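So this block is protein-v7.csv, CSV, C-alpha atoms:
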```
chain,number,residue,atom,x,y,z
A,1,MET,CA,97.3,136.2,66.2
A,2,SER,CA,99.0,134.7,69.3
A,3,LYS,CA,97.0,132.2,71.4
A,4,LEU,CA,95.5,133.6,74.6
A,5,ILE,CA,96.7,131.7,77.7
A,6,MET,CA,94.8,132.5,80.8
A,7,ALA,CA,96.7,130.2,83.2
A,8,GLN,CA,99.8,131.3,84.9
A,9,GLU,CA,103.0,129.3,84.3
A,10,ASN,CA,104.3,129.6,87.8
A,11,GLY,CA,107.5,127.8,86.8
A,12,ARG,CA,105.7,125.1,84.9
A,13,ILE,CA,106.1,124.1,81.3
A,14,MET,CA,102.7,124.6,79.8
A,15,GLY,CA,101.2,122.0,77.5
A,16,GLY,CA,102.4,118.6,76.3
A,17,PRO,CA,101.0,115.2,77.2
A,18,ASP,CA,102.4,113.0,80.0
A,19,LYS,CA,105.0,110.8,78.4
A,20,ILE,CA,104.0,107.6,80.2
A,21,PHE,CA,100.3,108.0,79.4
A,22,GLY,CA,101.2,109.1,75.8
A,23,VAL,CA,103.0,105.9,75.0
A,24,SER,CA,100.3,103.9,76.8
A,25,THR,CA,97.7,105.5,74.6
A,26,LEU,CA,99.7,104.5,71.5
A,27,ALA,CA,99.8,100.9,72.8
A,28,LYS,CA,96.1,100.8,73.4
A,29,LYS,CA,95.5,102.1,69.8
A,30,ARG,CA,97.7,99.3,68.4
A,31,ILE,CA,95.9,96.7,70.5
A,32,ALA,CA,92.6,97.9,69.1
A,33,GLU,CA,94.1,97.4,65.6
A,34,ILE,CA,95.8,94.0,65.9
A,35,GLY,CA,94.7,92.5,69.2
A,36,LYS,CA,96.2,92.5,72.6
A,37,GLU,CA,97.9,89.1,72.1
A,38,ASN,CA,100.1,90.7,69.4
A,39,VAL,CA,101.2,93.7,71.5
A,40,VAL,CA,103.5,94.0,74.5
A,41,ASN,CA,102.4,97.0,76.5
A,42,SER,CA,105.1,97.5,79.2
A,43,THR,CA,104.1,101.0,80.1
A,44,ILE,CA,101.6,100.3,82.9
A,45,GLY,CA,102.7,100.8,86.5
A,46,ALA,CA,100.2,98.4,87.9
A,47,LEU,CA,100.3,94.6,88.4
A,48,LEU,CA,98.5,92.8,85.6
A,49,ASP,CA,97.9,89.1,84.9
A,50,ASP,CA,99.2,87.4,81.8
A,51,ASP,CA,96.1,88.4,79.9
A,52,GLY,CA,96.6,92.1,80.7
A,53,ASN,CA,93.9,92.3,83.3
A,54,LEU,CA,94.4,94.3,86.5
A,55,ILE,CA,95.3,92.1,89.5
A,56,VAL,CA,93.1,93.0,92.5
A,57,LEU,CA,93.5,91.3,95.9
A,58,SER,CA,90.1,89.6,96.4
A,59,SER,CA,90.7,89.4,100.1
A,60,VAL,CA,90.9,93.2,100.2
A,61,ILE,CA,87.9,93.7,98.0
A,62,ASP,CA,85.8,91.4,100.2
A,63,VAL,CA,86.4,93.8,103.0
A,64,LEU,CA,85.5,96.8,100.8
A,65,LYS,CA,82.2,95.1,99.7
A,66,ASN,CA,81.1,94.6,103.3
A,67,LEU,CA,81.5,98.2,104.5
A,68,SER,CA,78.5,100.0,105.9
A,69,PRO,CA,77.3,103.2,104.2
A,70,THR,CA,78.8,105.3,107.0
A,71,ASP,CA,82.2,103.7,106.4
A,72,TYR,CA,82.4,105.1,102.9
A,73,ALA,CA,80.0,108.1,102.9
A,74,GLU,CA,81.0,110.0,106.1
A,75,TYR,CA,83.8,112.5,106.0
A,76,ALA,CA,87.1,111.3,107.3
A,77,PRO,CA,89.0,113.5,109.8
A,78,ILE,CA,91.5,115.7,108.0
A,79,ALA,CA,94.5,113.7,109.4
A,80,GLY,CA,92.7,110.4,108.9
A,81,THR,CA,90.6,108.2,111.2
A,82,PRO,CA,92.3,107.4,114.5
A,83,GLU,CA,92.2,103.7,113.7
A,84,TYR,CA,93.9,104.3,110.3
A,85,LEU,CA,96.6,106.4,111.9
A,86,THR,CA,97.4,103.5,114.3
A,87,THR,CA,97.1,100.9,111.5
A,88,VAL,CA,99.3,102.6,109.0
A,89,LYS,CA,102.2,102.5,111.4
A,90,LYS,CA,101.8,98.7,111.6
A,91,ALA,CA,101.5,98.4,107.9
A,92,VAL,CA,104.7,100.4,107.3
A,93,PHE,CA,107.0,99.1,110.0
A,94,GLY,CA,105.8,95.6,110.6
A,95,ASN,CA,108.2,93.9,113.0
A,96,TYR,CA,110.6,97.0,113.0
A,97,GLN,CA,108.5,99.4,115.1
A,98,PRO,CA,110.7,102.4,115.9
A,99,THR,CA,111.6,103.6,119.3
A,100,GLY,CA,111.3,107.3,118.6
A,101,TYR,CA,108.2,109.4,118.1
A,102,VAL,CA,106.1,108.4,115.1
A,103,GLU,CA,103.2,110.4,113.8
A,104,ALA,CA,101.1,110.0,110.6
A,105,CYS,CA,98.8,112.0,108.4
A,106,ALA,CA,96.5,110.5,105.8
A,107,THR,CA,97.1,111.5,102.2
A,108,PRO,CA,95.7,110.7,98.7
A,109,GLY,CA,98.2,108.0,97.8
A,110,GLY,CA,102.0,108.3,98.0
A,111,THR,CA,101.8,111.3,95.7
A,112,GLY,CA,100.0,113.3,98.3
A,113,ALA,CA,102.6,112.3,100.9
A,114,ILE,CA,105.4,113.5,98.7
A,115,ARG,CA,103.6,116.8,98.0
A,116,ASN,CA,103.0,117.5,101.7
A,117,ALA,CA,106.6,116.7,102.6
A,118,ILE,CA,108.0,119.1,100.1
A,119,GLN,CA,105.5,121.8,100.8
A,120,ASN,CA,106.1,121.8,104.6
A,121,TYR,CA,109.9,121.3,104.8
A,122,THR,CA,111.2,123.6,102.1
A,123,LYS,CA,110.4,127.1,100.9
A,124,ARG,CA,109.4,128.4,97.4
A,125,GLY,CA,112.4,128.4,95.1
A,126,ASP,CA,114.3,125.7,97.1
A,127,ILE,CA,116.1,122.8,95.5
A,128,ILE,CA,114.9,119.3,96.2
A,129,LEU,CA,117.3,116.4,95.7
A,130,THR,CA,116.7,112.9,94.3
A,131,SER,CA,118.6,110.4,92.1
A,132,ASP,CA,119.1,110.8,88.3
A,133,TRP,CA,116.9,107.8,87.8
A,134,HIS,CA,113.6,108.7,89.4
A,135,TRP,CA,109.8,108.6,89.1
A,136,SER,CA,109.1,111.5,86.7
A,137,PRO,CA,106.2,113.0,88.7
A,138,TYR,CA,108.7,114.0,91.4
A,139,ASN,CA,109.6,116.9,89.0
A,140,ILE,CA,106.0,117.7,88.4
A,141,ILE,CA,105.2,117.9,92.1
A,142,THR,CA,108.2,120.1,92.9
A,143,THR,CA,107.5,122.4,90.0
A,144,GLU,CA,103.8,122.7,90.8
A,145,ILE,CA,104.6,124.0,94.3
A,146,GLU,CA,107.4,126.2,92.9
A,147,ARG,CA,110.5,124.3,93.9
A,148,LYS,CA,113.2,122.8,91.7
A,149,LEU,CA,114.4,119.3,91.4
A,150,ASN,CA,118.1,118.4,91.3
A,151,THR,CA,119.7,115.0,91.0
A,152,TYR,CA,122.7,113.1,92.0
A,153,THR,CA,124.1,110.1,90.1
A,154,LEU,CA,122.6,106.9,91.6
A,155,PHE,CA,125.1,104.4,90.3
A,156,ASP,CA,128.9,104.7,90.0
A,157,GLU,CA,131.0,103.1,87.3
A,158,ASN,CA,130.8,99.7,89.0
A,159,GLN,CA,127.0,99.9,89.2
A,160,ASN,CA,127.0,100.4,93.0
A,161,PHE,CA,125.3,103.1,95.0
A,162,ASN,CA,127.2,106.4,94.2
A,163,TYR,CA,127.3,107.8,97.7
A,164,SER,CA,130.0,110.3,96.8
A,165,SER,CA,127.7,111.9,94.2
A,166,LEU,CA,124.9,112.2,96.9
A,167,ASP,CA,127.4,113.8,99.3
A,168,GLN,CA,128.6,116.3,96.7
A,169,LYS,CA,125.1,117.4,95.5
A,170,LEU,CA,123.8,117.7,99.1
A,171,ASN,CA,126.7,119.9,100.1
A,172,GLU,CA,126.3,122.1,97.0
A,173,ILE,CA,122.6,122.6,97.8
A,174,LEU,CA,123.3,123.4,101.5
A,175,LYS,CA,125.8,126.1,100.5
A,176,ILE,CA,123.0,128.1,98.9
A,177,GLN,CA,120.0,127.3,101.1
A,178,ASP,CA,119.5,126.2,104.7
A,179,GLU,CA,117.0,123.3,104.1
A,180,THR,CA,116.3,120.6,101.6
A,181,VAL,CA,114.3,117.4,101.1
A,182,ILE,CA,116.1,114.3,99.8
A,183,ILE,CA,113.9,111.7,98.2
A,184,ILE,CA,115.0,108.1,98.3
A,185,ASN,CA,112.7,105.6,96.6
A,186,THR,CA,113.5,102.1,98.0
A,187,PRO,CA,113.0,99.2,98.1
A,188,ALA,CA,112.3,98.1,94.5
A,189,HIS,CA,113.1,101.6,93.2
A,190,ASN,CA,111.0,103.1,90.4
A,191,PRO,CA,112.2,102.9,87.6
A,192,THR,CA,115.3,100.6,88.1
A,193,GLY,CA,114.2,98.0,90.6
A,194,TYR,CA,117.3,98.8,92.8
A,195,THR,CA,117.0,98.3,96.5
A,196,PHE,CA,119.3,100.2,98.9
A,197,THR,CA,121.4,97.8,100.9
A,198,LEU,CA,122.1,98.1,104.6
A,199,GLU,CA,125.6,99.2,103.7
A,200,ASP,CA,124.1,101.9,101.4
A,201,TRP,CA,122.1,103.1,104.3
A,202,ASP,CA,125.2,103.3,106.4
A,203,LYS,CA,126.7,105.6,103.8
A,204,VAL,CA,123.6,107.7,103.7
A,205,ASN,CA,123.6,108.1,107.4
A,206,GLU,CA,127.2,109.1,107.4
A,207,ILE,CA,126.6,111.8,104.8
A,208,LEU,CA,123.5,113.2,106.5
A,209,LYS,CA,125.1,113.3,109.9
A,210,LYS,CA,128.1,115.1,108.6
A,211,ALA,CA,126.0,117.7,106.8
A,212,ALA,CA,123.9,118.1,109.9
A,213,GLU,CA,126.9,119.1,112.0
A,214,ASP,CA,126.1,122.6,110.9
A,215,LYS,CA,123.1,123.3,113.1
A,216,THR,CA,121.8,126.1,110.9
A,217,LYS,CA,120.9,123.5,108.3
A,218,LYS,CA,117.8,121.3,108.2
A,219,ILE,CA,117.6,118.1,106.2
A,220,THR,CA,114.5,116.1,105.6
A,221,LEU,CA,115.0,112.5,104.3
A,222,LEU,CA,111.8,111.4,102.5
A,223,VAL,CA,111.8,107.6,101.9
A,224,ASP,CA,109.2,106.6,99.3
A,225,ILE,CA,108.2,103.0,100.0
A,226,ALA,CA,105.5,102.6,97.4
A,227,TYR,CA,106.7,99.2,96.3
A,228,LEU,CA,107.7,97.8,99.8
A,229,ASP,CA,105.1,95.0,99.9
A,230,PHE,CA,106.0,93.8,96.4
A,231,SER,CA,109.7,93.7,96.9
A,232,GLY,CA,110.3,90.5,98.9
A,233,ASP,CA,110.3,89.0,102.4
A,234,ALA,CA,108.5,91.4,104.7
A,235,ASP,CA,111.0,91.3,107.5
A,236,GLU,CA,114.1,91.4,105.3
A,237,TYR,CA,112.9,94.4,103.3
A,238,ARG,CA,112.0,96.3,106.4
A,239,GLU,CA,115.3,95.9,108.1
A,240,PHE,CA,116.5,99.2,106.8
A,241,PHE,CA,114.1,101.0,109.1
A,242,SER,CA,116.5,100.3,111.9
A,243,LYS,CA,118.9,102.6,110.2
A,244,LEU,CA,116.6,105.6,110.4
A,245,GLU,CA,116.5,106.1,114.1
A,246,ASP,CA,119.8,107.6,115.0
A,247,PHE,CA,119.7,111.1,113.5
A,248,PRO,CA,120.2,114.5,115.2
A,249,ASP,CA,117.2,116.7,115.6
A,250,ASN,CA,117.9,118.7,112.4
A,251,VAL,CA,117.5,115.6,110.3
A,252,LEU,CA,113.9,114.6,110.0
A,253,VAL,CA,112.9,111.2,108.5
A,254,LEU,CA,109.6,111.1,106.6
A,255,ILE,CA,108.0,108.1,104.9
A,256,ALA,CA,105.6,108.1,102.0
A,257,PHE,CA,103.2,105.2,102.2
A,258,SER,CA,100.6,104.1,99.7
A,259,THR,CA,97.9,101.4,99.6
A,260,SER,CA,98.0,101.4,95.8
A,261,LYS,CA,100.5,98.6,95.2
A,262,GLY,CA,100.5,96.5,98.3
A,263,TYR,CA,96.8,96.4,98.7
A,264,THR,CA,95.8,97.0,95.0
A,265,LEU,CA,93.7,100.0,95.9
A,266,TYR,CA,95.2,102.1,93.1
A,267,GLY,CA,92.0,104.2,92.3
A,268,MET,CA,91.0,104.8,95.9
A,269,ARG,CA,94.0,107.1,96.4
A,270,CYS,CA,94.9,106.2,100.0
A,271,GLY,CA,98.3,106.8,101.6
A,272,ALA,CA,100.0,108.5,104.5
A,273,LEU,CA,103.0,110.6,105.3
A,274,LEU,CA,104.7,109.5,108.5
A,275,CYS,CA,107.5,111.2,110.5
A,276,LEU,CA,110.1,109.5,112.7
A,277,THR,CA,112.0,111.6,115.1
A,278,PRO,CA,113.6,111.4,118.6
A,279,ASN,CA,112.1,114.9,119.4
A,280,LYS,CA,108.6,115.0,120.7
A,281,ASP,CA,108.1,118.7,119.7
A,282,ILE,CA,109.1,118.0,116.1
A,283,ALA,CA,106.6,115.2,116.0
A,284,GLU,CA,103.8,117.4,117.3
A,285,GLU,CA,104.8,120.1,114.8
A,286,PHE,CA,104.6,117.5,112.0
A,287,LYS,CA,101.0,116.7,113.0
A,288,MET,CA,100.0,120.3,112.8
A,289,VAL,CA,101.6,121.3,109.5
A,290,ALA,CA,100.7,118.1,107.7
A,291,SER,CA,97.0,118.5,108.6
A,292,PHE,CA,97.2,122.2,107.7
A,293,SER,CA,98.5,121.4,104.2
A,294,SER,CA,95.9,118.6,103.8
A,295,ARG,CA,93.1,121.0,104.6
A,296,GLY,CA,94.5,123.6,102.2
A,297,SER,CA,94.6,121.2,99.3
A,298,TRP,CA,92.4,118.0,99.2
A,299,SER,CA,90.9,118.6,102.7
A,300,ASN,CA,90.4,115.0,103.7
A,301,GLY,CA,91.0,111.5,102.2
A,302,THR,CA,88.8,108.6,101.2
A,303,ARG,CA,87.3,107.2,104.4
A,304,ALA,CA,86.4,103.8,102.8
A,305,SER,CA,90.0,102.8,102.1
A,306,MET,CA,91.1,103.9,105.6
A,307,VAL,CA,88.4,101.6,107.1
A,308,VAL,CA,89.5,98.7,104.8
A,309,LEU,CA,93.1,98.8,105.9
A,310,SER,CA,92.1,99.3,109.6
A,311,GLN,CA,89.8,96.2,109.5
A,312,ILE,CA,92.4,94.1,107.8
A,313,PHE,CA,95.0,94.8,110.5
A,314,ALA,CA,92.4,94.4,113.3
A,315,ASN,CA,91.7,90.8,112.2
A,316,GLU,CA,94.7,88.3,112.3
A,317,ASN,CA,93.0,85.8,110.0
A,318,LEU,CA,92.1,88.5,107.5
A,319,LEU,CA,95.6,89.9,107.5
A,320,ALA,CA,97.0,86.5,107.0
A,321,LYS,CA,94.6,86.0,104.0
A,322,VAL,CA,95.7,89.2,102.4
A,323,THR,CA,99.4,88.5,103.0
A,324,GLU,CA,99.0,85.0,101.5
A,325,GLU,CA,97.2,86.2,98.4
A,326,ARG,CA,99.8,89.0,97.9
A,327,HIS,CA,102.6,86.4,98.2
A,328,LYS,CA,101.1,84.5,95.3
A,329,TYR,CA,101.3,87.5,93.0
A,330,LEU,CA,104.7,88.5,94.4
A,331,ALA,CA,106.0,85.1,93.2
A,332,ILE,CA,104.6,85.7,89.7
A,333,LEU,CA,106.3,89.2,89.6
A,334,THR,CA,109.6,87.7,90.9
A,335,LYS,CA,109.5,85.0,88.1
A,336,ARG,CA,109.0,87.8,85.5
A,337,GLY,CA,112.0,89.8,86.8
A,338,ASN,CA,114.2,86.7,86.9
A,339,ALA,CA,113.2,85.8,83.3
A,340,PHE,CA,113.9,89.3,82.0
A,341,MET,CA,117.3,89.5,83.7
A,342,LYS,CA,118.3,86.0,82.5
A,343,ALA,CA,117.3,86.9,78.9
A,344,ALA,CA,119.1,90.2,79.1
A,345,LYS,CA,122.3,88.5,80.2
A,346,GLU,CA,122.0,86.0,77.3
A,347,CYS,CA,121.9,88.8,74.7
A,348,ASN,CA,124.4,91.1,76.5
A,349,LEU,CA,121.7,93.7,77.2
A,350,LYS,CA,123.0,96.1,80.0
A,351,THR,CA,120.4,97.0,82.6
A,352,CYS,CA,120.5,99.2,85.7
A,353,PRO,CA,121.1,97.1,88.8
A,354,PHE,CA,117.8,95.3,89.5
A,355,ASP,CA,116.6,93.6,92.7
A,356,SER,CA,112.8,93.5,92.7
A,357,GLY,CA,109.7,95.4,92.0
A,358,PHE,CA,107.6,96.5,89.0
A,359,PHE,CA,110.2,98.0,86.7
A,360,ILE,CA,113.6,97.3,85.0
A,361,THR,CA,115.5,100.1,83.2
A,362,ILE,CA,117.9,99.8,80.3
A,363,PRO,CA,120.3,102.7,79.9
A,364,CYS,CA,120.7,103.8,76.3
A,365,LYS,CA,121.3,106.8,74.1
A,366,ASN,CA,118.5,108.3,72.1
A,367,ALA,CA,115.9,106.7,74.3
A,368,ASP,CA,112.9,108.3,72.4
A,369,GLN,CA,114.1,106.9,69.1
A,370,VAL,CA,114.8,103.4,70.7
A,371,GLY,CA,111.2,103.5,72.0
A,372,GLU,CA,109.9,104.3,68.5
A,373,GLU,CA,112.0,101.5,67.0
A,374,LEU,CA,110.5,99.0,69.5
A,375,GLN,CA,107.0,100.1,68.5
A,376,LYS,CA,107.7,98.8,65.0
A,377,SER,CA,107.8,95.3,66.7
A,378,ASN,CA,104.6,96.2,68.7
A,379,ILE,CA,106.6,96.6,71.9
A,380,PHE,CA,105.7,99.7,73.9
A,381,ALA,CA,108.0,101.0,76.6
A,382,VAL,CA,108.5,104.3,78.3
A,383,PRO,CA,111.6,106.4,77.4
A,384,ILE,CA,112.9,108.1,80.6
A,385,GLY,CA,115.8,110.4,79.9
A,386,ALA,CA,118.8,108.3,79.3
A,387,GLY,CA,117.0,104.9,79.1
A,388,ILE,CA,114.0,102.8,78.5
A,389,ARG,CA,111.7,101.7,81.4
A,390,ILE,CA,110.0,98.3,81.1
A,391,SER,CA,107.1,97.4,83.4
A,392,ILE,CA,107.5,93.7,84.1
A,393,ALA,CA,104.4,94.1,86.3
A,394,SER,CA,102.2,94.5,83.3
A,395,ILE,CA,103.6,91.8,80.9
A,396,SER,CA,103.8,88.1,81.0
A,397,GLU,CA,106.8,85.9,81.9
A,398,GLU,CA,107.0,84.9,78.2
A,399,ALA,CA,107.2,88.5,77.1
A,400,CYS,CA,109.9,89.1,79.7
A,401,LYS,CA,111.9,86.3,78.0
A,402,MET,CA,111.3,87.7,74.6
A,403,ILE,CA,111.8,91.4,74.7
A,404,PRO,CA,115.4,91.9,75.9
A,405,ALA,CA,116.7,90.7,72.5
A,406,LYS,CA,114.3,93.0,70.8
A,407,ILE,CA,115.5,95.9,72.9
A,408,ALA,CA,119.1,95.1,72.2
A,409,GLU,CA,118.2,95.0,68.5
A,410,ALA,CA,116.4,98.4,68.7
A,411,ILE,CA,119.4,100.0,70.4
A,412,SER,CA,121.7,98.7,67.7
A,413,ASN,CA,119.4,99.9,64.9
A,414,VAL,CA,119.2,103.4,66.4
A,415,LYS,CA,123.0,103.7,66.6
```
What would the structure in this file look like if it were written as structure tokens?
Amino acid sequence: MSKLIMAQENGRIMGGPDKIFGVSTLAKKRIAEIGKENVVNSTIGALLDDDGNLIVLSSVIDVLKNLSPTDYAEYAPIAGTPEYLTTVKKAVFGNYQPTGYVEACATPGGTGAIRNAIQNYTKRGDIILTSDWHWSPYNIITTEIERKLNTYTLFDENQNFNYSSLDQKLNEILKIQDETVIIINTPAHNPTGYTFTLEDWDKVNEILKKAAEDKTKKITLLVDIAYLDFSGDADEYREFFSKLEDFPDNVLVLIAFSTSKGYTLYGMRCGALLCLTPNKDIAEEFKMVASFSSRGSWSNGTRASMVVLSQIFANENLLAKVTEERHKYLAILTKRGNAFMKAAKECNLKTCPFDSGFFITIPCKNADQVGEELQKSNIFAVPIGAGIRISIASISEEACKMIPAKIAEAISNVK
């Protein structure tokens, strides 16, 4: 007798656990058996200390603890509190405040921002474009709202940004539909740790402007900046924003912001979708459609986290304290990344180009089998298509020095 399924597929693949959480569950089981000191769990996409405990910015939590009941119990406006909408622009752009029209709408984390961008700037059945190496929930989000995800090849044979692949894929999509969303995750790309250079952005601009010469086409560039505040120097890593201001009206720039990483408010699910455009009418339209989609899905966001961020940016001393504390942990993360890349070079382990951030990816064949081979050495990593993703955010510097040789060995054994 066949199993009764009440839910509609709606383009989704029904059943099956999330791969990241599946491997993480196996790691936790092994830890329970032999102790966490004997297991390397590199599956977690959050910053942990060397003992495996979640790092939380105490300066941020102090603000949270001092909120009034109204600050966390009252409904937030659908688009976000007015103070938050002003603050989020400061948090995103820093010293690179744009000259065009900028609007924002609160979302539950960066995920909500990505969802609303795709929902509002494409139609059902449309193809969305991102790189072949990408955060796997992009596919879940697009499928859930009945779109399709297509990819271009991020790196060429010299391990540089493959702008010709982006150009080719974008033109293929625009031949069969009149609009699309392009997702670029930078800086500190998940899962590779790559950061688009200013020269890369020049190429992106050239490609989008050329495609936009056909005024019947509409292109939305969605920049996912989830790891911005854990990438490096605040000004240096925001310089690329200056490259996003000179587009024609039929190229809209959207930015997905999250407080999860930079403010360690992972569970409070606070973020925003921002638009940047030279056209006032398009900015006003964004405000309307973004709020409409929010109302039709999660309604409104977590007021407490909006108040926390607003209070931090309203107090120079408090902001300085948060920034200083974050820098301390950024230094730890940087040391881990440097240690991993040095050890990888010593054992001739090829990685994707890495600059900064939470993750490093090792391209390999039979990634699932390589992952299983690593588990024999009590090392848990996430297979992602054509490679293995290591979360350097969740493991110690010593582990970063040790595991590249183990990965190289596992790849060799699977061959």
Do you know which residues are at most 12 Å from Ser164 of chain A counting all atoms listed in the file, after dropping those on the same chain fewer than 2 positions away, and could you put them as a VMD selection string? chain A and resid 152 to 157 160 to 162 166 to 171 200 203 to 204 206 to 207
Who sits within 12 Å of Asn53 of chain A, all atoms listed in the file, same chain under 6 positions skipped, as a list in words: Lys36, Asn41, Ile44, Ala46, Leu47, Ala393, Ser394, Ile395 and Ser396 of chain A
Could you give me, as a VMD selection string, the residues that sit within 8 Å of (103.7, 118.6, 94.9) in the file's coordinates, counting all atoms listed in the file? chain A and resid 111 to 112 114 to 116 118 to 119 138 140 to 145
Create the file for the chosen residues now, containing C-alpha atoms and written as a CSV table (one decimal), in the coordinates of the input.
```csv
chain,number,residue,atom,x,y,z
A,111,THR,CA,101.8,111.3,95.7
A,112,GLY,CA,100.0,113.3,98.3
A,114,ILE,CA,105.4,113.5,98.7
A,115,ARG,CA,103.6,116.8,98.0
A,116,ASN,CA,103.0,117.5,101.7
A,118,ILE,CA,108.0,119.1,100.1
A,119,GLN,CA,105.5,121.8,100.8
A,138,TYR,CA,108.7,114.0,91.4
A,140,ILE,CA,106.0,117.7,88.4
A,141,ILE,CA,105.2,117.9,92.1
A,142,THR,CA,108.2,120.1,92.9
A,143,THR,CA,107.5,122.4,90.0
A,144,GLU,CA,103.8,122.7,90.8
A,145,ILE,CA,104.6,124.0,94.3
```
Write out as a VMD selection string the residues lying within 7 Å of Ala272 of chain A, counting only C-alpha atoms and excluding same-chain residues fewer than 2 positions away. chain A and resid 104 to 107 109 to 110 113 256 to 258 274
With C-alpha atoms kept, could you save the residues just selected as an mmCIF file, in the coordinates of the input?
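Resulting contents of selection.cif:
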```cif
data_model
loop_
_atom_site.group_PDB
_atom_site.id
_atom_site.type_symbol
_atom_site.label_atom_id
_atom_site.label_comp_id
_atom_site.auth_asym_id
_atom_site.auth_seq_id
_atom_site.Cartn_x
_atom_site.Cartn_y
_atom_site.Cartn_z
ATOM 1 C CA ALA A 104 101.100 110.000 110.600
ATOM 2 C CA CYS A 105 98.800 112.000 108.400
ATOM 3 C CA ALA A 106 96.500 110.500 105.800
ATOM 4 C CA THR A 107 97.100 111.500 102.200
ATOM 5 C CA GLY A 109 98.200 108.000 97.800
ATOM 6 C CA GLY A 110 102.000 108.300 98.000
ATOM 7 C CA ALA A 113 102.600 112.300 100.900
ATOM 8 C CA ALA A 256 105.600 108.100 102.000
ATOM 9 C CA PHE A 257 103.200 105.200 102.200
ATOM 10 C CA SER A 258 100.600 104.100 99.700
ATOM 11 C CA LEU A 274 104.700 109.500 108.500
#
```
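The gap separating atom CA of Asp281 of chain A from atom CA of Lys215 of chain A is 17.0 Å, in Å to one decimal.
Between Lys401 of chain A and the candidates A:Thr81, A:Val40, A:Val307, A:Glu324, the tightest atom-to-atom separation, counting all atoms listed in the file, involves A:Val40.
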Which residue, A:Ser136, A:Asn317, A:Thr259, A:Thr86, has the smallest gap to Ile384 of chain A when you use all atoms listed in the file?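 Smallest distance to Ile384 of chain A is found for A:Ser136.
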Separation of atom CA of Phe241 of chain A and atom CA of His134 of chain A, in Å?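 Going from atom CA of Phe241 of chain A over to atom CA of His134 of chain A, I get 21.2 Å.
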Please list as a short mmCIF file (atom, residue, chain, number, x, y, z; two decimals) with C-alpha atoms, in the frame of the given file every residue within 7 Å of segment 60-63 of chain A, counting all atoms listed in the file and excluding residues in the same chain fewer than 2 positions away.
```cif
data_model
loop_
_atom_site.label_atom_id
_atom_site.label_comp_id
_atom_site.auth_asym_id
_atom_site.auth_seq_id
_atom_site.Cartn_x
_atom_site.Cartn_y
_atom_site.Cartn_z
CA LEU A 57 93.50 91.30 95.90
CA SER A 58 90.10 89.60 96.40
CA LYS A 65 82.20 95.10 99.70
CA ASN A 66 81.10 94.60 103.30
CA LEU A 67 81.50 98.20 104.50
CA TYR A 263 96.80 96.40 98.70
CA VAL A 308 89.50 98.70 104.80
CA VAL A 322 95.70 89.20 102.40
#
```
What's around Asn366 of chain A at 12 Å? Count all atoms listed in the file, leave out sequence neighbours fewer than 5 positions away in its own chain, and write the answer as a CSV table (one decimal) with C-alpha atoms, in the frame of the given file.
```csv
chain,number,residue,atom,x,y,z
A,371,GLY,CA,111.2,103.5,72.0
A,372,GLU,CA,109.9,104.3,68.5
A,373,GLU,CA,112.0,101.5,67.0
A,383,PRO,CA,111.6,106.4,77.4
A,384,ILE,CA,112.9,108.1,80.6
A,385,GLY,CA,115.8,110.4,79.9
A,386,ALA,CA,118.8,108.3,79.3
A,387,GLY,CA,117.0,104.9,79.1
A,388,ILE,CA,114.0,102.8,78.5
A,410,ALA,CA,116.4,98.4,68.7
A,411,ILE,CA,119.4,100.0,70.4
A,412,SER,CA,121.7,98.7,67.7
A,413,ASN,CA,119.4,99.9,64.9
A,414,VAL,CA,119.2,103.4,66.4
A,415,LYS,CA,123.0,103.7,66.6
```
For Val56 of chain A, which residue among A:Leu265, A:Leu254, A:Ile5, A:Ile379 is the nearest when counting all atoms listed in the file?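 That would be A:Leu265, the residue with the smallest distance to Val56 of chain A.
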Among listed residues A:Lys345, A:Lys218, A:His189, A:Arg303, nearest Tyr84 of chain A (using only C-alpha atoms):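 For Tyr84 of chain A, the nearest of the given residues is A:Arg303.
Coordinates place atom CA of Val251 of chain A at a distance of 16.5 Å from atom CA of Ile127 of chain A.
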Let me make sure I understand: among A:Pro278, A:Pro404, A:Gly262, A:Gly35, which one has the smallest atom-to-atom distance to Ala344 of chain A if we use all atoms listed in the file?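 Under the stated criterion, the closest residue is A:Pro404.
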Nearest-residue call for Glu37 of chain A, choices A:Ala405, A:Glu398, A:Phe359, A:Val102, using only C-alpha atoms: A:Glu398
